[in-house]
Amino acid sequence: MKCKVEKICGGCSLLKLKPSMQADKKKKDVEALVEKAHLKVRVGDVHMAKNDTHYRNKVIVGFSKDKGKVYSGLYAPHSHRVVKTENCIMQPKLVNEIINKITELVGSMKLELYNERTGTGLLRHVLIRWGHKTDEVMVVFVTSQKIFPSRKNMVRVLTSEFPQIKTIVQNINPRKTSIVLQDEAIVLYGNGMIHDELCGLDIAFSHNSFYQIHSEQCEVLYGLAKKMLDLKETDTVLDTYCGVGTIGLTMTDSCKKVMGVELNPDAIENAKYNAKQNKIKNIEFVAMDSTEFMRQARKYHNHYDAIILDPPRAGTTKDFIECATALNPRKILYISCDPRTQVRDLNQFRKQGYVTNKLELVDLFPYTDHIESVCVLEKKQFNQKPTKKAQRQAQFRSSKMSKKKR
Ligand SMILES: C[S@@+](CC[C@H](N)C(=O)[O-])C[C@H]1O[C@@H](n2cnc3c(N)ncnc32)[C@H](O)[C@@H]1O
C-alpha cells in the first residue's frame with residue numbers, strides 16, 4: 001500500500017505489510033502478551049477485513065496554513081502538527097470529498113484557525129462520521145467559542161453540495177486541552193444524529209456517542225460474540241459499557257431480556273431511541289458508571305445469566321470484576337480494543353474463578369497495530385472438561401463404592 005505521507009503521519013504503522021503478514025503480526029503480539037501474563041489461553045487466527053481501505057467511519061482533522069493557504073489533515077504522532085492528508089486511503093471517498101470542500105471553504109470564508117499556543121482563533125477541528133450502509137454523513141465543527149461567523153453560509157453550501165450530509169453540529173471547546181469534544185453543542189442542521197444499518201438493525205448515533213470504526217468488521221465481531229455467548233431464550237443479559245446499545249440490541253432476539261449500562265447519557269438516549277426505532281421491547285438502558293452499577297447489582301443480588309463488557313482501552317476495574325463474578329453468571333463475554341489491559345483483567349477474573357481458553361481476534365483497524373479481541377469466561381468447573389485419566393479414576397472409585405455397598 002502506498003501513501004505519500006506515510007512516514008510523517010504515522011496513522012498506519014503496518015502500511016508496508018500484506019494483510020496475511022499483518023494477521024501474523026497481530027496474532028503473535030497477542031500471543032506474547034498472553035504468555036507474559038502466564039495465561040493458559042489459545043489465540044485464534046485473526047478475522048481479517050474483506051475491505052481494508054476506505055473503512056474509517058469517523059475522521060477528525062485539524063487545520064493549518066502553508067504560505068497562507070489553509071490545509072487539513074491528521075496529527076503527526078505524539079504531536080499537534082497537522083500533516084496534510086489529502087484523500088487518505090483509509091477514509092471513505094465521500095468523507096475525503098467533504099473534507100476537501102470544508103478546507104476550501106475555511107480558506108475562502110477566512111475563518112480563523114485556533115492557535116493552541118496562544119489560545120486564540122476559532123476553528124479547532126472538524127469531525128466527520130459516516131454510515132457505511134446508509135451513506136449518511138454528520139459534520140461537526142469544533143470551535144473555541146460560540147460565535148461562528150459564516151456558519152449559515154457554510155451549512156448552506158455543504159448541504160446543497162452534499163445531500164448525504166444529514167446533520168451539522170457545532171461543538172464548543174474553549175479549554176486548553178487535547179481532548180477534541182466538550183459538552184456544549186449546538187445543532188446547526190438536521191437533528192444531531194445520523195443512521196446506519198448494523199446487523200440488520202437501524203442504528204442512530206449522535207456526535208459524541210461511540211460507534212465502532214469499521215462497520216463491516218463490527219458486524220463480524222458482533223456475530224462472533226453472539227455465537228460464542230450461545231444464549232438461551234430464558235437468559236437475562238447485562239451489557240455493560242454498552243454505547244448506543246448495539247451489542248445488547250443484537251442479542252435481544254436470542255434471550256429473554258437485556259439491560260444496558262453506559263456512562264455517556266447522550267449514548268443512552270441514542271440507545272433508547274434505537275430500541276424504539278427497531279421495535280425492540282425486551283431491553284432497558286441506564287446511564288451509569290459500569291462499576292457502580294455492578295456494586296449495586298451485587299448489593300441487591302441481581303441475577304444475570306450472561307454479562308457482557310466492552311470497556312474503553314483502559315479496561316475495567318478490579319471492583320467491577322469482583323462484583324460481576326460474585327453475581328455468578330453462567331458466562332461473561334469480554335470484548336476489548338486493547339489486549340494489554342484485557343490480559344491484565346483476565347488474570348483478575350481468574351483469581352475470582354472465571355477462566356477462558358480462547359481469545360478470538362477481529363481486525364477492526366487494518367494497517368494499524370490495533371486489534372479487537374473477544375473471549376467468553378466461564379466458572380472453572382464449567383470450563384474444564386475432565387481428562388481421560390480423571391474419568392477412569394472416577395469410574396474406578398464409583399465401581400469400588402458399589403462393590404462395598406454390596
Ligand atoms: C469501546 S466502547 C464500546 C461501546 C459499545 N459496546 C459498542 O460496541 O459500540 C466503550 C464505551 O464505554 C463507555 N464508558 C467509558 N467509561 C465507562 C464507565 N466507567 N462506565 C460505563 N461506560 C463507560 C464509553 O462511553 C463507550 O461508549
# chains A, B, ... in the order shown; residues from 1 in each chain; ligands from 1
>>> residues_near_ligand(ligand="ligand 1", cutoff="8 Å", atoms="only C-alpha atoms and all ligand atoms", output="ChimeraX atom specification")
/A:209-212,218,239-247,261-264,267,287-292,309-313,316,336-337
>>> residues_around(residues="A:His132", least_positions_apart="3", cutoff="10 Å", atoms="only C-alpha atoms", output="MDAnalysis selection string")
chainID A and resid 55:57 92 129 135:137 195:198 214:216
>>> closest_residue(among="A:Pro339, A:Gly68, A:Gly248, A:Gly11", to="A:Lys226", atoms="only C-alpha atoms")
A:Gly248
>>> select_by_dssp(residues="stretch 262-369 of chain A", states="helix (DSSP H, G or I)", output="PyMOL selection string")
chain A and resi 265-277+290-299+318-326+339-351
>>> write_last_selection(atoms="N, CA and C atoms", output="tab-separated table (two decimals), in the first residue's frame")
chain	number	residue	atom	x	y	z
A	265	PRO	N	-24.61	9.89	28.95
A	265	PRO	CA	-26.08	9.98	28.88
A	265	PRO	C	-26.60	10.17	27.45
A	266	ASP	N	-25.82	10.84	26.59
A	266	ASP	CA	-26.27	11.02	25.20
A	266	ASP	C	-26.32	9.68	24.47
A	267	ALA	N	-25.32	8.82	24.75
A	267	ALA	CA	-25.31	7.49	24.12
A	267	ALA	C	-26.52	6.69	24.61
A	268	ILE	N	-26.88	6.86	25.88
A	268	ILE	CA	-28.05	6.14	26.42
A	268	ILE	C	-29.33	6.64	25.75
A	269	GLU	N	-29.40	7.95	25.51
A	269	GLU	CA	-30.57	8.48	24.77
A	269	GLU	C	-30.64	7.83	23.39
A	270	ASN	N	-29.49	7.74	22.71
A	270	ASN	CA	-29.45	7.08	21.40
A	270	ASN	C	-29.89	5.62	21.51
A	271	ALA	N	-29.40	4.95	22.57
A	271	ALA	CA	-29.71	3.51	22.75
A	271	ALA	C	-31.22	3.31	22.91
A	272	LYS	N	-31.86	4.19	23.72
A	272	LYS	CA	-33.31	4.07	23.92
A	272	LYS	C	-34.05	4.32	22.60
A	273	TYR	N	-33.57	5.32	21.88
A	273	TYR	CA	-34.15	5.66	20.57
A	273	TYR	C	-34.01	4.45	19.63
A	274	ASN	N	-32.84	3.81	19.66
A	274	ASN	CA	-32.58	2.68	18.78
A	274	ASN	C	-33.50	1.49	19.08
A	275	ALA	N	-33.74	1.27	20.38
A	275	ALA	CA	-34.64	0.17	20.76
A	275	ALA	C	-36.04	0.46	20.21
A	276	LYS	N	-36.47	1.72	20.37
A	276	LYS	CA	-37.82	2.11	19.92
A	276	LYS	C	-37.94	2.00	18.40
A	277	GLN	N	-36.90	2.55	17.71
A	277	GLN	CA	-36.88	2.52	16.25
A	277	GLN	C	-37.04	1.11	15.70
A	290	SER	N	-20.27	1.80	34.97
A	290	SER	CA	-20.48	0.34	34.99
A	290	SER	C	-20.05	-0.30	36.31
A	291	THR	N	-18.96	0.20	36.90
A	291	THR	CA	-18.50	-0.39	38.16
A	291	THR	C	-19.52	-0.10	39.27
A	292	GLU	N	-20.04	1.13	39.27
A	292	GLU	CA	-21.03	1.48	40.28
A	292	GLU	C	-22.29	0.62	40.10
A	293	PHE	N	-22.69	0.42	38.85
A	293	PHE	CA	-23.85	-0.42	38.58
A	293	PHE	C	-23.61	-1.82	39.15
A	294	MET	N	-22.40	-2.34	38.92
A	294	MET	CA	-22.06	-3.69	39.38
A	294	MET	C	-22.11	-3.78	40.91
A	295	ARG	N	-21.62	-2.71	41.57
A	295	ARG	CA	-21.65	-2.71	43.05
A	295	ARG	C	-23.10	-2.80	43.54
A	296	GLN	N	-23.98	-2.03	42.88
A	296	GLN	CA	-25.39	-2.04	43.26
A	296	GLN	C	-26.00	-3.41	42.98
A	297	ALA	N	-25.65	-3.96	41.81
A	297	ALA	CA	-26.19	-5.27	41.43
A	297	ALA	C	-25.79	-6.34	42.45
A	298	ARG	N	-24.56	-6.21	42.96
A	298	ARG	CA	-24.09	-7.17	43.96
A	298	ARG	C	-24.86	-6.99	45.27
A	299	LYS	N	-25.02	-5.70	45.63
A	299	LYS	CA	-25.71	-5.38	46.88
A	299	LYS	C	-27.13	-5.95	46.87
A	318	LYS	N	-10.97	-3.56	39.07
A	318	LYS	CA	-10.92	-4.74	39.94
A	318	LYS	C	-12.29	-4.93	40.61
A	319	ASP	N	-12.88	-3.81	41.01
A	319	ASP	CA	-14.18	-3.85	41.67
A	319	ASP	C	-15.26	-4.42	40.76
A	320	PHE	N	-15.23	-3.98	39.49
A	320	PHE	CA	-16.20	-4.48	38.51
A	320	PHE	C	-16.09	-6.00	38.47
A	321	ILE	N	-14.84	-6.49	38.37
A	321	ILE	CA	-14.61	-7.94	38.22
A	321	ILE	C	-15.09	-8.69	39.46
A	322	GLU	N	-14.77	-8.15	40.64
A	322	GLU	CA	-15.18	-8.83	41.87
A	322	GLU	C	-16.70	-8.90	41.98
A	323	CYS	N	-17.37	-7.78	41.64
A	323	CYS	CA	-18.84	-7.76	41.76
A	323	CYS	C	-19.48	-8.62	40.67
A	324	ALA	N	-18.96	-8.52	39.44
A	324	ALA	CA	-19.55	-9.30	38.33
A	324	ALA	C	-19.47	-10.79	38.62
A	325	THR	N	-18.32	-11.25	39.10
A	325	THR	CA	-18.16	-12.69	39.35
A	325	THR	C	-18.97	-13.14	40.57
A	326	ALA	N	-19.14	-12.21	41.53
A	326	ALA	CA	-19.95	-12.55	42.72
A	326	ALA	C	-21.41	-12.80	42.34
A	339	PRO	N	-5.72	-5.53	23.95
A	339	PRO	CA	-5.44	-6.81	24.61
A	339	PRO	C	-4.49	-6.68	25.81
A	340	ARG	N	-3.72	-5.58	25.88
A	340	ARG	CA	-2.82	-5.43	27.04
A	340	ARG	C	-3.62	-5.31	28.33
A	341	THR	N	-4.66	-4.49	28.30
A	341	THR	CA	-5.46	-4.36	29.53
A	341	THR	C	-6.39	-5.56	29.69
A	342	GLN	N	-6.74	-6.17	28.56
A	342	GLN	CA	-7.62	-7.34	28.67
A	342	GLN	C	-6.91	-8.50	29.39
A	343	VAL	N	-5.63	-8.75	29.04
A	343	VAL	CA	-4.96	-9.88	29.72
A	343	VAL	C	-4.77	-9.57	31.20
A	344	ARG	N	-4.52	-8.30	31.52
A	344	ARG	CA	-4.45	-7.91	32.95
A	344	ARG	C	-5.77	-8.27	33.64
A	345	ASP	N	-6.89	-7.89	33.00
A	345	ASP	CA	-8.20	-8.16	33.60
A	345	ASP	C	-8.52	-9.66	33.63
A	346	LEU	N	-8.05	-10.40	32.62
A	346	LEU	CA	-8.32	-11.84	32.60
A	346	LEU	C	-7.66	-12.52	33.80
A	347	ASN	N	-6.49	-12.02	34.19
A	347	ASN	CA	-5.83	-12.56	35.38
A	347	ASN	C	-6.65	-12.30	36.63
A	348	GLN	N	-7.26	-11.13	36.65
A	348	GLN	CA	-8.12	-10.77	37.78
A	348	GLN	C	-9.37	-11.67	37.81
A	349	PHE	N	-9.94	-11.91	36.63
A	349	PHE	CA	-11.10	-12.81	36.55
A	349	PHE	C	-10.69	-14.22	37.01
A	350	ARG	N	-9.47	-14.63	36.63
A	350	ARG	CA	-9.02	-15.97	37.01
A	350	ARG	C	-8.97	-16.11	38.53
A	351	LYS	N	-8.49	-15.02	39.19
A	351	LYS	CA	-8.44	-15.06	40.67
A	351	LYS	C	-9.83	-15.24	41.26
>>> residues_around(residues="A:Lys101", least_positions_apart="5", cutoff="12 Å", atoms="only C-alpha atoms", output="PyMOL selection string")
chain A and resi 70-72+86-87+94-96+106-109+126+139+154-155+157-159+161-162
>>> write_last_selection(atoms="N, CA and C atoms", output="compact mmCIF listing (two decimals), in the first residue's frame")
# COMPACT_ATOMS: atom_id res chain seq x y z
N VAL A 70 -4.86 27.44 3.47
CA VAL A 70 -5.33 26.51 4.50
C VAL A 70 -5.22 25.07 4.00
N TYR A 71 -4.72 24.19 4.87
CA TYR A 71 -4.79 22.76 4.56
C TYR A 71 -5.29 22.01 5.81
N SER A 72 -5.70 20.75 5.59
CA SER A 72 -6.22 19.97 6.72
C SER A 72 -5.58 18.59 6.73
N GLU A 86 -4.41 14.76 2.26
CA GLU A 86 -5.48 14.85 1.25
C GLU A 86 -5.86 13.45 0.77
N ASN A 87 -7.13 13.15 0.73
CA ASN A 87 -7.62 11.89 0.18
C ASN A 87 -6.98 10.65 0.80
N LEU A 94 -16.28 9.69 -0.04
CA LEU A 94 -17.22 10.79 0.21
C LEU A 94 -16.70 11.68 1.35
N VAL A 95 -16.18 11.05 2.38
CA VAL A 95 -15.65 11.81 3.53
C VAL A 95 -14.48 12.68 3.07
N ASN A 96 -13.61 12.12 2.23
CA ASN A 96 -12.48 12.91 1.70
C ASN A 96 -12.98 14.12 0.90
N VAL A 106 -13.11 26.98 4.44
CA VAL A 106 -12.46 27.62 5.60
C VAL A 106 -11.51 28.71 5.09
N GLY A 107 -10.80 28.39 3.99
CA GLY A 107 -9.89 29.38 3.38
C GLY A 107 -10.66 30.55 2.79
N SER A 108 -11.68 30.22 1.95
CA SER A 108 -12.37 31.31 1.24
C SER A 108 -13.21 32.16 2.19
N MET A 109 -13.72 31.56 3.26
CA MET A 109 -14.53 32.34 4.23
C MET A 109 -13.64 33.02 5.27
N VAL A 126 -12.44 19.51 12.65
CA VAL A 126 -13.70 19.07 12.04
C VAL A 126 -13.75 17.55 12.20
N VAL A 139 -21.40 16.21 10.11
CA VAL A 139 -20.22 17.08 10.17
C VAL A 139 -20.25 17.82 11.50
N MET A 154 -21.83 28.35 5.48
CA MET A 154 -21.11 27.06 5.50
C MET A 154 -22.13 25.91 5.40
N VAL A 155 -23.19 25.99 6.23
CA VAL A 155 -24.21 24.95 6.25
C VAL A 155 -24.92 24.88 4.89
N VAL A 157 -23.86 25.85 1.83
CA VAL A 157 -23.02 25.32 0.74
C VAL A 157 -22.83 23.80 0.91
N LEU A 158 -22.52 23.38 2.14
CA LEU A 158 -22.24 21.95 2.35
C LEU A 158 -23.46 21.09 2.07
N THR A 159 -24.62 21.51 2.59
CA THR A 159 -25.81 20.65 2.43
C THR A 159 -26.34 20.68 0.99
N GLU A 161 -24.35 20.97 -1.66
CA GLU A 161 -23.40 20.21 -2.50
C GLU A 161 -23.38 18.71 -2.14
N PHE A 162 -23.65 18.42 -0.84
CA PHE A 162 -23.60 17.01 -0.39
C PHE A 162 -24.92 16.65 0.31
>>> select_by_dssp(residues="stretch 112-270 of chain A", states="strand (DSSP E or B)", output="ChimeraX atom specification")
/A:113,115,120,123-130,137-143,165-172,185-189,193-198,201-206,236-240,257-262
>>> residues_around(residues="stretch 356-361 of chain A", least_positions_apart="2", cutoff="10 Å", atoms="only C-alpha atoms", output="ChimeraX atom specification")
/A:23,26-27,30-31,34,39-48,221,224-225,228,331-337,339,343,346,349-350,354,363-364,371-380,383-384
>>> write_last_selection(atoms="N, CA and C atoms", output="compact mmCIF listing (two decimals), in the first residue's frame")
# COMPACT_ATOMS: atom_id res chain seq x y z
N ALA A 23 -1.88 -10.07 9.80
CA ALA A 23 -2.59 -11.05 10.62
C ALA A 23 -1.61 -11.81 11.51
N LYS A 26 -0.23 -9.43 14.28
CA LYS A 26 -1.22 -9.11 15.32
C LYS A 26 -1.43 -10.32 16.24
N LYS A 27 -1.50 -11.52 15.62
CA LYS A 27 -1.70 -12.73 16.42
C LYS A 27 -0.49 -12.96 17.35
N VAL A 30 -0.39 -10.67 20.34
CA VAL A 30 -1.33 -11.04 21.42
C VAL A 30 -0.82 -12.30 22.14
N GLU A 31 -0.28 -13.24 21.36
CA GLU A 31 0.27 -14.46 21.99
C GLU A 31 1.36 -14.10 22.99
N VAL A 34 -0.20 -12.80 26.15
CA VAL A 34 -0.82 -13.89 26.91
C VAL A 34 0.24 -14.69 27.66
N LEU A 39 -1.05 -16.78 31.12
CA LEU A 39 -2.42 -17.25 30.95
C LEU A 39 -2.42 -18.48 30.04
N LYS A 40 -3.23 -19.46 30.38
CA LYS A 40 -3.33 -20.65 29.51
C LYS A 40 -4.47 -20.41 28.54
N VAL A 41 -4.20 -19.60 27.53
CA VAL A 41 -5.25 -19.21 26.59
C VAL A 41 -4.72 -19.33 25.17
N ARG A 42 -5.50 -20.01 24.33
CA ARG A 42 -5.13 -20.13 22.92
C ARG A 42 -5.58 -18.87 22.19
N VAL A 43 -4.76 -18.44 21.23
CA VAL A 43 -5.14 -17.25 20.46
C VAL A 43 -5.51 -17.69 19.05
N GLY A 44 -6.70 -17.35 18.62
CA GLY A 44 -7.17 -17.78 17.30
C GLY A 44 -6.58 -16.93 16.18
N ASP A 45 -6.76 -17.40 14.95
CA ASP A 45 -6.32 -16.60 13.79
C ASP A 45 -7.17 -15.34 13.70
N VAL A 46 -6.59 -14.30 13.11
CA VAL A 46 -7.31 -13.02 13.05
C VAL A 46 -8.40 -13.08 11.96
N HIS A 47 -9.59 -12.63 12.33
CA HIS A 47 -10.64 -12.47 11.33
C HIS A 47 -10.34 -11.15 10.61
N MET A 48 -9.78 -11.26 9.42
CA MET A 48 -9.33 -10.06 8.70
C MET A 48 -10.48 -9.42 7.92
N LEU A 221 -17.58 -8.98 14.33
CA LEU A 221 -17.32 -9.07 15.77
C LEU A 221 -18.59 -9.45 16.54
N LEU A 224 -19.72 -13.02 15.88
CA LEU A 224 -18.86 -13.97 16.60
C LEU A 224 -19.22 -13.97 18.09
N ALA A 225 -19.41 -12.76 18.64
CA ALA A 225 -19.73 -12.64 20.07
C ALA A 225 -21.03 -13.38 20.39
N MET A 228 -20.41 -17.08 20.33
CA MET A 228 -19.64 -17.52 21.49
C MET A 228 -20.49 -17.53 22.75
N LYS A 331 -22.00 -17.09 31.97
CA LYS A 331 -20.94 -16.69 31.03
C LYS A 331 -20.65 -15.21 31.14
N ILE A 332 -19.40 -14.85 30.87
CA ILE A 332 -19.02 -13.43 30.79
C ILE A 332 -18.34 -13.25 29.43
N LEU A 333 -18.85 -12.31 28.65
CA LEU A 333 -18.24 -12.05 27.34
C LEU A 333 -17.43 -10.77 27.45
N TYR A 334 -16.13 -10.86 27.16
CA TYR A 334 -15.26 -9.70 27.29
C TYR A 334 -14.74 -9.30 25.90
N ILE A 335 -15.18 -8.12 25.44
CA ILE A 335 -14.69 -7.58 24.16
C ILE A 335 -13.73 -6.45 24.51
N SER A 336 -12.58 -6.43 23.84
CA SER A 336 -11.58 -5.42 24.20
C SER A 336 -10.92 -4.83 22.96
N CYS A 337 -10.62 -3.52 23.04
CA CYS A 337 -9.87 -2.91 21.93
C CYS A 337 -8.41 -2.74 22.34
N PRO A 339 -5.72 -5.53 23.95
CA PRO A 339 -5.44 -6.81 24.61
C PRO A 339 -4.49 -6.68 25.81
N VAL A 343 -5.63 -8.75 29.04
CA VAL A 343 -4.96 -9.88 29.72
C VAL A 343 -4.77 -9.57 31.20
N LEU A 346 -8.05 -10.40 32.62
CA LEU A 346 -8.32 -11.84 32.60
C LEU A 346 -7.66 -12.52 33.80
N PHE A 349 -9.94 -11.91 36.63
CA PHE A 349 -11.10 -12.81 36.55
C PHE A 349 -10.69 -14.22 37.01
N ARG A 350 -9.47 -14.63 36.63
CA ARG A 350 -9.02 -15.97 37.01
C ARG A 350 -8.97 -16.11 38.53
N TYR A 354 -13.09 -17.32 37.25
CA TYR A 354 -13.62 -17.32 35.88
C TYR A 354 -12.47 -17.37 34.88
N ASP A 363 -10.01 -7.97 13.19
CA ASP A 363 -9.28 -6.76 12.81
C ASP A 363 -10.25 -5.64 12.45
N LEU A 364 -10.40 -4.73 13.38
CA LEU A 364 -11.25 -3.55 13.14
C LEU A 364 -10.41 -2.36 12.68
N ILE A 371 -5.88 -4.12 17.49
CA ILE A 371 -6.67 -5.33 17.22
C ILE A 371 -7.78 -5.43 18.28
N GLU A 372 -8.90 -5.99 17.88
CA GLU A 372 -10.01 -6.19 18.82
C GLU A 372 -9.96 -7.66 19.24
N SER A 373 -10.09 -7.93 20.53
CA SER A 373 -10.09 -9.34 20.93
C SER A 373 -11.31 -9.63 21.79
N VAL A 374 -11.79 -10.87 21.68
CA VAL A 374 -13.02 -11.23 22.38
C VAL A 374 -12.91 -12.64 22.94
N CYS A 375 -13.45 -12.83 24.14
CA CYS A 375 -13.43 -14.17 24.73
C CYS A 375 -14.64 -14.36 25.64
N VAL A 376 -14.94 -15.62 25.91
CA VAL A 376 -16.00 -15.94 26.87
C VAL A 376 -15.36 -16.59 28.08
N LEU A 377 -15.73 -16.08 29.26
CA LEU A 377 -15.22 -16.64 30.51
C LEU A 377 -16.32 -17.44 31.19
N GLU A 378 -15.91 -18.58 31.74
CA GLU A 378 -16.88 -19.38 32.49
C GLU A 378 -16.23 -19.78 33.79
N LYS A 379 -17.07 -20.19 34.74
CA LYS A 379 -16.54 -20.65 36.02
C LYS A 379 -15.71 -21.89 35.80
N LYS A 380 -14.61 -22.03 36.54
CA LYS A 380 -13.65 -23.09 36.27
C LYS A 380 -14.31 -24.45 36.07
N ASN A 383 -15.89 -24.84 32.78
CA ASN A 383 -14.99 -24.71 31.65
C ASN A 383 -14.12 -25.94 31.43
N GLN A 384 -13.80 -26.63 32.55
CA GLN A 384 -12.80 -27.69 32.41
C GLN A 384 -13.46 -29.03 32.11
>>> residues_around(residues="A:Lys110", least_positions_apart="3", cutoff="12 Å", atoms="only C-alpha atoms", output="list in words")
Lys65, Gly68, Lys69, Val70, Ile102, Thr103, Glu104, Leu105, Val106, Gly107, Leu113, Gly121, Leu122, Leu123, Phe148, Pro149, Ser150, Arg151 and Met154 of chain A
>>> closest_residue(among="A:Thr120, A:Pro366, A:Ile99, A:Asn171", to="A:Lys18", atoms="only C-alpha atoms")
A:Pro366
>>> atom_distance(atom1="atom CA of A:Lys152", atom2="atom CA of A:Leu188")
8.2 Å
>>> closest_residue(among="A:Asp230, A:Asp338, A:Glu284, A:Glu184", to="A:Val258", atoms="only C-alpha atoms")
A:Glu284
>>> atom_distance(atom1="atom CA of A:His301", atom2="atom CA of A:Ile283")
19.7 Å
>>> decode(residues="stretch 19-42 of chain A", atoms="N, CA and C atoms", output="short mmCIF file (atom, residue, chain, number, x, y, z; two decimals), in the first residue's frame")
data_model
loop_
_atom_site.label_atom_id
_atom_site.label_comp_id
_atom_site.auth_asym_id
_atom_site.auth_seq_id
_atom_site.Cartn_x
_atom_site.Cartn_y
_atom_site.Cartn_z
N PRO A 19 -1.86 -8.09 4.03
CA PRO A 19 -2.83 -8.49 5.05
C PRO A 19 -2.43 -9.77 5.81
N SER A 20 -1.88 -10.77 5.07
CA SER A 20 -1.54 -12.02 5.77
C SER A 20 -0.42 -11.77 6.80
N MET A 21 0.50 -10.85 6.46
CA MET A 21 1.59 -10.55 7.40
C MET A 21 1.09 -9.73 8.59
N GLN A 22 0.11 -8.85 8.32
CA GLN A 22 -0.49 -8.10 9.43
C GLN A 22 -1.16 -9.08 10.39
N ALA A 23 -1.88 -10.07 9.80
CA ALA A 23 -2.59 -11.05 10.62
C ALA A 23 -1.61 -11.81 11.51
N ASP A 24 -0.49 -12.22 10.91
CA ASP A 24 0.54 -12.95 11.67
C ASP A 24 1.08 -12.11 12.81
N LYS A 25 1.40 -10.85 12.48
CA LYS A 25 2.00 -9.96 13.48
C LYS A 25 1.02 -9.72 14.63
N LYS A 26 -0.23 -9.43 14.28
CA LYS A 26 -1.22 -9.11 15.32
C LYS A 26 -1.43 -10.32 16.24
N LYS A 27 -1.50 -11.52 15.62
CA LYS A 27 -1.70 -12.73 16.42
C LYS A 27 -0.49 -12.96 17.35
N LYS A 28 0.71 -12.81 16.77
CA LYS A 28 1.92 -13.05 17.57
C LYS A 28 2.02 -12.05 18.72
N ASP A 29 1.67 -10.80 18.46
CA ASP A 29 1.71 -9.77 19.51
C ASP A 29 0.81 -10.17 20.68
N VAL A 30 -0.39 -10.67 20.34
CA VAL A 30 -1.33 -11.04 21.42
C VAL A 30 -0.82 -12.30 22.14
N GLU A 31 -0.28 -13.24 21.36
CA GLU A 31 0.27 -14.46 21.99
C GLU A 31 1.36 -14.10 22.99
N ALA A 32 2.20 -13.11 22.62
CA ALA A 32 3.29 -12.70 23.52
C ALA A 32 2.72 -12.11 24.81
N LEU A 33 1.65 -11.33 24.68
CA LEU A 33 1.03 -10.73 25.88
C LEU A 33 0.45 -11.82 26.80
N VAL A 34 -0.20 -12.80 26.15
CA VAL A 34 -0.82 -13.89 26.91
C VAL A 34 0.24 -14.69 27.66
N GLU A 35 1.35 -14.94 26.96
CA GLU A 35 2.43 -15.72 27.57
C GLU A 35 3.05 -14.96 28.75
N LYS A 36 3.27 -13.67 28.52
CA LYS A 36 3.86 -12.84 29.58
C LYS A 36 2.96 -12.80 30.82
N ALA A 37 1.65 -12.88 30.58
CA ALA A 37 0.72 -12.82 31.71
C ALA A 37 0.48 -14.21 32.32
N HIS A 38 1.20 -15.24 31.81
CA HIS A 38 1.07 -16.63 32.29
C HIS A 38 -0.36 -17.13 32.21
N LEU A 39 -1.05 -16.78 31.12
CA LEU A 39 -2.42 -17.25 30.95
C LEU A 39 -2.42 -18.48 30.04
N LYS A 40 -3.23 -19.46 30.38
CA LYS A 40 -3.33 -20.65 29.51
C LYS A 40 -4.47 -20.41 28.54
N VAL A 41 -4.20 -19.60 27.53
CA VAL A 41 -5.25 -19.21 26.59
C VAL A 41 -4.72 -19.33 25.17
N ARG A 42 -5.50 -20.01 24.33
CA ARG A 42 -5.13 -20.13 22.92
C ARG A 42 -5.58 -18.87 22.19
#
